[in-house]
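Structure, as structure tokens:
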Amino acid sequence: MNGPNSAPLDTRVVIGSAVLRNPTIAASGCYNRGAEFGAIVDVSRYGAVTLKSITRHPRLGNDMPRIATTPAGMLNAIGLQGPGIEYFLTHEAPKLTSVPTAVIASVAGFTVDEFADVAAAMDGLPNVVAIELDVSCPNVDREGECFAAEATSLARVVEAVKSRVKLPVIPKLMPNVADLKPIARAAQEAGADAVSLINAVRGMVIDVVRARPMLANRSGGLTGPAIRPIAVHAIWEVAQTITIPIIGIGGVEKGSDALEFLFAGATAIGIGTANFRDPLVHVKVTEAIELEMQRRGASSVGQLTGLAHPGFAGKPGARGAPVATKETQA
Amino acid sequence: MPTTSPQLQLATITSREYRPPGFWCVSIRCPDIARTAGPAQYVALDLPGGFAVRLPLGIFTVKGDDFTVLFQEWGERTTRLAHAAVGDSLTCIGPLGNQFSPPKRSGHAILAGGGLGVAALWLLARDLRAHDVKANIVIGARSADRLVGVRDLARHGFDVEVCTDDGSAGFAGTVVEKVRALRRPDVIYACGPRAMLRALCDHAEREGIDCQISMEETFGCSLGTCWGCVVPVRRGSAQGTSYPRASEEARDYDLARVCADGTVFHAKDVVWV
Ligand SMILES: Cc1cc2nc3c(=O)[nH]c(=O)nc-3n(C[C@H](O)[C@H](O)[C@H](O)COP(=O)(O)OP(=O)(O)OC[C@H]3O[C@@H](n4cnc5c(N)ncnc54)[C@H](O)[C@@H]3O)c2cc1C
Ligand SMILES: Cc1cc2nc3c(=O)[nH]c(=O)nc-3n(C[C@H](O)[C@H](O)[C@H](O)COP(=O)(O)O)c2cc1C
Ligand code: FES
């Protein structure tokens with residue numbers, strides 16, 4: 001174990017076959033390839049950046065307004081605007097070589113086949129080390145129920161994608177479900193290499209002058225610090241259910257938030273909305289994790305994972321969180 | 001339309017001035033922004049308090065190392081800024097966005113500002129004065145007490161005409177009506193409420209006048225990554241992003257990000273839906 005004054009800390013984390021230089025990951029939809037943020041901060045200090053979710057067909061997205069500000073958060077309904085996979089492959093994928101860190105591709109779809117086909121097309125692109133599945137979209141084969149809302153649908157997507165790609169596959173779970181545990185378990189059993197959680201929380205703002213919902217899409221996804229406790233609890237629950245790594249996402253904007261996520265059972269930390277306010281957030285989070293490693297004499301980030309769970313054994317190298325301990329409901 | 005490279009800057013509030021009935025002009029010391037800002041550019045301010053996203057405000061005036069922002073207390077972030085103390089520090093990202101382009105040759109310009117839209121016109125007036133362009137400035141508001149920025153704009157020596165919807169000061173009518181009544185310019189520059197911009201664009205199109213407008217939307221990132229602030233633009237126009245079309249897509253336009261591709265757009269490119 002490293003003492004407080006020893007050699008450089010090893011901040012690497014492992015997600016399936018992917019090794020990230022540190023546990024910070026720019027969340028999907030918030031960072032593109034990092035080119036815009038690269039003009040003002042050092043994007044290479046991110047362990048990975050996640051691309052905006054790509055669908056099979058081009059999508060113009062939702063009408064305006066797409067954003068409303070909320071207490072300690074924001075509501076967005078972009079509507080998966082994007083060029084579609086073909087255009088992405090010819091025009092945008094070649095630019096991935098210029099991303100100064102690892103890339104996680106994100107796939108969204110409305111059918112199982114769409115996920116599998118688009119994910120297969122992303123497999124092997126330059127710099128891409130893993131594929132995240134934005135399974136919060138409505139499943140057209142099941143009357144619009146979200147894939148992430150139901151264990152069987154989710155398992156089918158994960159299995160289909162796993163059978164087509166070599167890279168680690170990471171379904172991204174959403175918090176708007178009765179019980180996350182069976183869904184996370186289904187993801188693991190279907191072969192997922194990790195899970196991301198949480199996606200944005202469904203919400204609405206009403207303009208009291210017009211007496212209409214503020215967003216053209218009416219509802220949107222709430223993100224930012226407002227959702228952080230929801231994310232911490234989701235990570236906590238899922239960490240007790242599965243053994244694959246968890247990428248914790250939702251409202252992280254400073255070092256102690258990231259520590260909450262790690263201690264709840266996350267292996268890596270996704271950061272979305274906070275980049276908008278503080279483009280240096282990833283550097284601050286990494287430095288806070290390094291400091292905490294020194295303080296606790298941890299030689300790897302993994303030794304911080306799951307520390308808040310009762311009965312945590314501190315197994316070096318293990319993801320940390322004990323599996324199938326007694327229920328700890330709030 | 002030129003752009004500059006934005007920077008993340010530490011800045012200090014140097015003065016604050018209340019302008020009844022609810023406007024504020026706050027001065028911020030940030031040499032890199034004050035010295036490089038161009039017409040219609042804006043800053044994204046991070047304020048103390050639990051805000052998830054930055055507050056975008058137009059860069060109004062500059063003087064030495066300081067720039068000012070002119071704003072209304074709309075909601076929590078603008079209220080927070082209005083009540084910040086002189087000496088408080090904050091971070092700014094800026095200058096952001098593209099700029100109004102000066103006319104190719106010295107000609108005649110009309111600068112039209114509705115409400116707080118005047119905030120986008122001061123730097124433009126400064127630059128047009130330096131380029132020897134003749135200009136009329138038209139500033140409008142609902143009523144006399146809500147006219148703001150008139151004295152600041154007048155400082156550049158151009159004629160400033162005010163209009164009010166209720167006739168309580170200057171021309172009784174809208175900015176658009178006033179612009180129509182003036183001599184035909186070579187170019188119209190405008191910033192203000194959406195309805196005003198749309199009417200001005202229609203007028204400019206009909207008359208074949210070059211017209212540049214600075215637009216506003218609710219911003220998320222302010223940097224061009226989230227696609228939350230888009231406006232529909234003519235297919236193939238330089239500022240938009242053109243994707244192939246899905247067969248079921250009925251909307252026949254491209255999208256441009258107000259924050260990064262704008263805020264300034266040519267009237268002929270904007271699609272009003
Ligand atoms: C590029 C750009 C430049 C801007 N420059 C200026 C400027 O120079 N001066 C200025 O005062 N504002 C300016 N704005 C608008 C300002 O950023 C917004 O008004 C912002 O939402 C205020 O934040 P808030 O937290 O105070 O209020 P919010 O909580 O965002 O809004 C409070 C309430 O006011 C309403 N509201 C907010 N803004 C407007 C508006 N513009 N018109 C009508 N209703 C509104 C909202 O719908 C909401 O109900 C600019 C915006 C952009 C994108
Ligand atoms: C503007 C915006 C766009 C987003 N787009 C996507 C997306 O395309 N796919 C996806 O999986 N998540 C998307 N998200 C969700 C984020 O990746 C993240 O899960 C969520 O914002 C919570 O994290 P945060 O609080 O750190 O922002 C988006 C979020 C925002 C704010
Ligand atoms: S505000 Fe995010 S792209 Fe414009």
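Chains: A, B, ... in order of the structure tokens. Residues: from 1 per chain. Ligands: from 1, in order shown.
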
Find the residues of chain A in contact range of chain B, meaning any atom within 8 Å when counting only C-alpha atoms, and list them as a VMD selection string.
chain A and resid 29 to 32 36 to 37 39 to 40 57 to 60 64 to 69 71 to 74 76 to 78 81 to 83 87 224 to 225 273 to 278

Test item: residues lying within 9 Å of ligand 1 with only C-alpha atoms and all ligand atoms, as a PyMOL selection string
(chain A and resi 68-71+206-209+214) or (chain B and resi 23-24+40-44+51+53-60+69-81+96-97+115-120+192-193+214-219+222+229+258-259+262-263)

Leaving out stretch 22-24 of chain A and any residue of its chain fewer than 3 positions from it, which residues lie within 12 Å of it when counting only C-alpha atoms, given as a ChimeraX atom specification?
/A:9-15,18-19,27,43-50,101-103,245-249,252-255,258-259,261-262,266-272,275,280-290,300-302,304-305

For the structure I just gave you, how does DSSP split stretch 33-197 of chain A - specifically, which residues are strand (DSSP E or B)? Reply as JSON, numbers by chain.
{"A": [48, 49, 50, 54, 59, 67, 68, 69, 70, 73, 74, 75, 76, 82, 102, 103, 104, 105, 106, 107, 108, 128, 129, 130, 131, 132, 133, 134, 138, 139, 145, 146, 169, 170, 171, 172, 173, 195, 196, 197]}
